[in-house]
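What follows is a single structure, written as structure tokens, with notes after it.
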Amino acid sequence: MKSIKIEAKFDVFENLEEVSSEIQNLMHNAIEARRKAYAPYSKFQVGAAILLENGEIITGSNQENASFPAGLCAERTAIHYVGAKYPDTKITTLAISAASQINNTITPVPPCGACRQAIAEYEVKQGSPIEIYFMGSTGKVVRSESLENLLPLMFDKTVL
Ligand code: THU
């Protein structure tokens, strides 16, 4: 038997002003998208903004449903749209902002497990890392240099 140790590194910025102006702009797109979330059940609004290698920004927000499992997270709404509309364009960066309509969301909100799996598919497909920034409605911003860093021992097409 041997043990393996996998390390994950995250950069934590004190606030949005600390990140580059390009990322601030991307995050502002995520915040704008968040305001368009359809989240009448959870009252938890999430926005995602995806920067493509050609400079285009694609956004998405969570879209809930009275049949709860039929709803979709912001990240998957955005990334599947990218996959459908720009199948050959690489994704550079993903920015996420989440805000509860009930509490003040100051804790950075990372993508859920299902979204990590969906983002992983595109990272593996394009063969280059997708940088991810996530935050609440205000406060700290966390950066991951890739999706792989957020999903160690990922399940991907190489095992099929
Ligand atoms: N949600 C997202 O949009 N992204 C995530 O990564 C986590 C959760 C949404 C789904 C649901 O509409 C609400 O947040 C509460 O879970």
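By convention here, the chains of the structure tokens are called A, B, ... in the order presented, each chain's residues are numbered starting at 1, and ligands are numbered starting at 1 in the order presented.
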Give as a ChimeraX atom specification the residues surrounding ligand 1 up to a distance of 12 Å, considering only C-alpha atoms and all ligand atoms. /A:30,33-34,36-49,59-79,95-101,108-119,134-136
How close does stretch 15-73 of chain A get to stretch 89-94 of chain A? List, as JSON lines, each residue of stretch 15-73 of chain A within 9 Å, its nearest atom pair and the distance in Å to one decimal, counting only C-alpha atoms.
{"residue": "A:Ile23", "atom": "CA", "partner": "A:Thr93", "partner_atom": "CA", "distance": 8.6}
{"residue": "A:Leu26", "atom": "CA", "partner": "A:Leu94", "partner_atom": "CA", "distance": 8.0}
{"residue": "A:Met27", "atom": "CA", "partner": "A:Leu94", "partner_atom": "CA", "distance": 8.6}
{"residue": "A:Ala30", "atom": "CA", "partner": "A:Leu94", "partner_atom": "CA", "distance": 9.0}
{"residue": "A:Ala48", "atom": "CA", "partner": "A:Leu94", "partner_atom": "CA", "distance": 6.9}
{"residue": "A:Ala49", "atom": "CA", "partner": "A:Leu94", "partner_atom": "CA", "distance": 5.7}
{"residue": "A:Ile50", "atom": "CA", "partner": "A:Leu94", "partner_atom": "CA", "distance": 4.5}
{"residue": "A:Leu51", "atom": "CA", "partner": "A:Thr93", "partner_atom": "CA", "distance": 5.1}
{"residue": "A:Leu52", "atom": "CA", "partner": "A:Ile91", "partner_atom": "CA", "distance": 4.5}
{"residue": "A:Glu53", "atom": "CA", "partner": "A:Lys90", "partner_atom": "CA", "distance": 5.5}
{"residue": "A:Asn54", "atom": "CA", "partner": "A:Thr89", "partner_atom": "CA", "distance": 7.5}
{"residue": "A:Gly55", "atom": "CA", "partner": "A:Thr92", "partner_atom": "CA", "distance": 9.0}
Dump of N, CA and C atoms for the selected residues, as a compact mmCIF listing (two decimals), in the first residue's frame:
# COMPACT_ATOMS: atom_id res chain seq x y z
N ILE A 23 -10.30 40.82 -14.78
CA ILE A 23 -11.11 39.90 -13.96
C ILE A 23 -12.24 40.66 -13.26
N LEU A 26 -14.90 40.81 -15.75
CA LEU A 26 -15.57 39.52 -15.91
C LEU A 26 -16.51 39.26 -14.73
N MET A 27 -16.02 39.58 -13.53
CA MET A 27 -16.86 39.37 -12.34
C MET A 27 -18.08 40.30 -12.37
N ALA A 30 -20.59 38.61 -14.24
CA ALA A 30 -21.22 37.54 -13.45
C ALA A 30 -22.26 38.13 -12.49
N ALA A 48 -22.73 33.47 -13.51
CA ALA A 48 -21.45 32.98 -14.03
C ALA A 48 -21.12 33.73 -15.30
N ALA A 49 -19.84 34.09 -15.45
CA ALA A 49 -19.39 34.74 -16.69
C ALA A 49 -18.16 34.00 -17.19
N ILE A 50 -18.18 33.66 -18.46
CA ILE A 50 -17.11 32.88 -19.07
C ILE A 50 -16.40 33.73 -20.11
N LEU A 51 -15.08 33.84 -19.94
CA LEU A 51 -14.27 34.56 -20.92
C LEU A 51 -13.70 33.56 -21.91
N LEU A 52 -13.95 33.80 -23.20
CA LEU A 52 -13.43 32.92 -24.25
C LEU A 52 -12.11 33.47 -24.77
N GLU A 53 -11.36 32.61 -25.44
CA GLU A 53 -10.04 33.03 -25.94
C GLU A 53 -10.16 34.15 -26.97
N ASN A 54 -11.33 34.28 -27.59
CA ASN A 54 -11.51 35.36 -28.57
C ASN A 54 -11.98 36.67 -27.91
N GLY A 55 -12.02 36.67 -26.57
CA GLY A 55 -12.38 37.89 -25.84
C GLY A 55 -13.86 38.02 -25.54
Computed gap from atom CA of A:Lys9 to atom CA of A:Ser144 is 7.0 Å
Just list as a PyMOL selection string whatever in stretch 21-124 of chain A DSSP marks as strand (DSSP E or B). chain A and resi 38+44-52+57-61+63+72+91-100
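When only C-alpha atoms are used to compute distances to A:Thr158, the closest of the residues A:Glu121, A:Pro129, A:Phe10, A:Val141 turns out to be A:Glu121.
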Separation of atom CA of A:His28 from atom CA of A:Asn104 in Å: 17.9 Å
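When atom CA of A:Thr107 is paired with atom CA of A:Glu145, their separation reads 19.3 Å.
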Considering only C-alpha atoms, state which residue in the set A:Glu131, A:Val82, A:Met1, A:Val159 is at the smallest distance from A:Ser146.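 Comparing A:Glu131, A:Val82, A:Met1, A:Val159 against A:Ser146, the winner is A:Glu131.
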Extract, using only C-alpha atoms, all DNA, RNA and protein residues at most 8 Å from A:Glu148, discarding same-chain residues fewer than 4 positions from it, and format them as a PyMOL selection string. chain A and resi 120+129+152+154
Out of chain A, which residues get alpha helix (DSSP H) from DSSP, as a ChimeraX atom specification? /A:21-34,74-85,113-126
Selection export as a short mmCIF file (atom, residue, chain, number, x, y, z; two decimals), in the first residue's frame, atoms kept: C-alpha atoms:
data_model
loop_
_atom_site.label_atom_id
_atom_site.label_comp_id
_atom_site.auth_asym_id
_atom_site.auth_seq_id
_atom_site.Cartn_x
_atom_site.Cartn_y
_atom_site.Cartn_z
CA SER A 21 -9.19 44.99 -14.15
CA GLU A 22 -9.90 42.24 -16.71
CA ILE A 23 -11.11 39.90 -13.96
CA GLN A 24 -13.04 42.71 -12.27
CA ASN A 25 -14.85 43.25 -15.56
CA LEU A 26 -15.57 39.52 -15.91
CA MET A 27 -16.86 39.37 -12.34
CA HIS A 28 -19.09 42.39 -12.96
CA ASN A 29 -20.58 40.43 -15.86
CA ALA A 30 -21.22 37.54 -13.45
CA ILE A 31 -22.85 39.92 -10.96
CA GLU A 32 -25.09 41.36 -13.70
CA ALA A 33 -26.02 37.81 -14.76
CA ARG A 34 -26.73 36.91 -11.13
CA ALA A 74 -25.52 29.17 -13.32
CA GLU A 75 -22.20 27.59 -14.26
CA ARG A 76 -23.77 24.79 -16.27
CA THR A 77 -26.28 27.13 -17.91
CA ALA A 78 -23.34 29.21 -19.14
CA ILE A 79 -20.84 26.48 -20.02
CA HIS A 80 -23.25 24.27 -21.93
CA TYR A 81 -24.26 27.32 -23.95
CA VAL A 82 -20.58 27.89 -24.76
CA GLY A 83 -20.25 24.23 -25.75
CA ALA A 84 -23.29 24.51 -28.00
CA LYS A 85 -22.54 27.88 -29.60
CA GLY A 113 -19.81 19.12 -7.52
CA ALA A 114 -22.03 18.63 -10.56
CA CYS A 115 -20.82 21.91 -12.04
CA ARG A 116 -17.20 20.95 -11.37
CA GLN A 117 -17.80 17.76 -13.34
CA ALA A 118 -19.35 19.73 -16.22
CA ILE A 119 -16.52 22.29 -16.26
CA ALA A 120 -13.98 19.43 -16.10
CA GLU A 121 -15.36 18.03 -19.34
CA TYR A 122 -14.57 21.26 -21.18
CA GLU A 123 -11.15 21.63 -19.55
CA VAL A 124 -10.19 18.10 -20.65
CA LYS A 125 -11.74 18.66 -24.11
CA GLN A 126 -9.79 21.85 -24.78
#
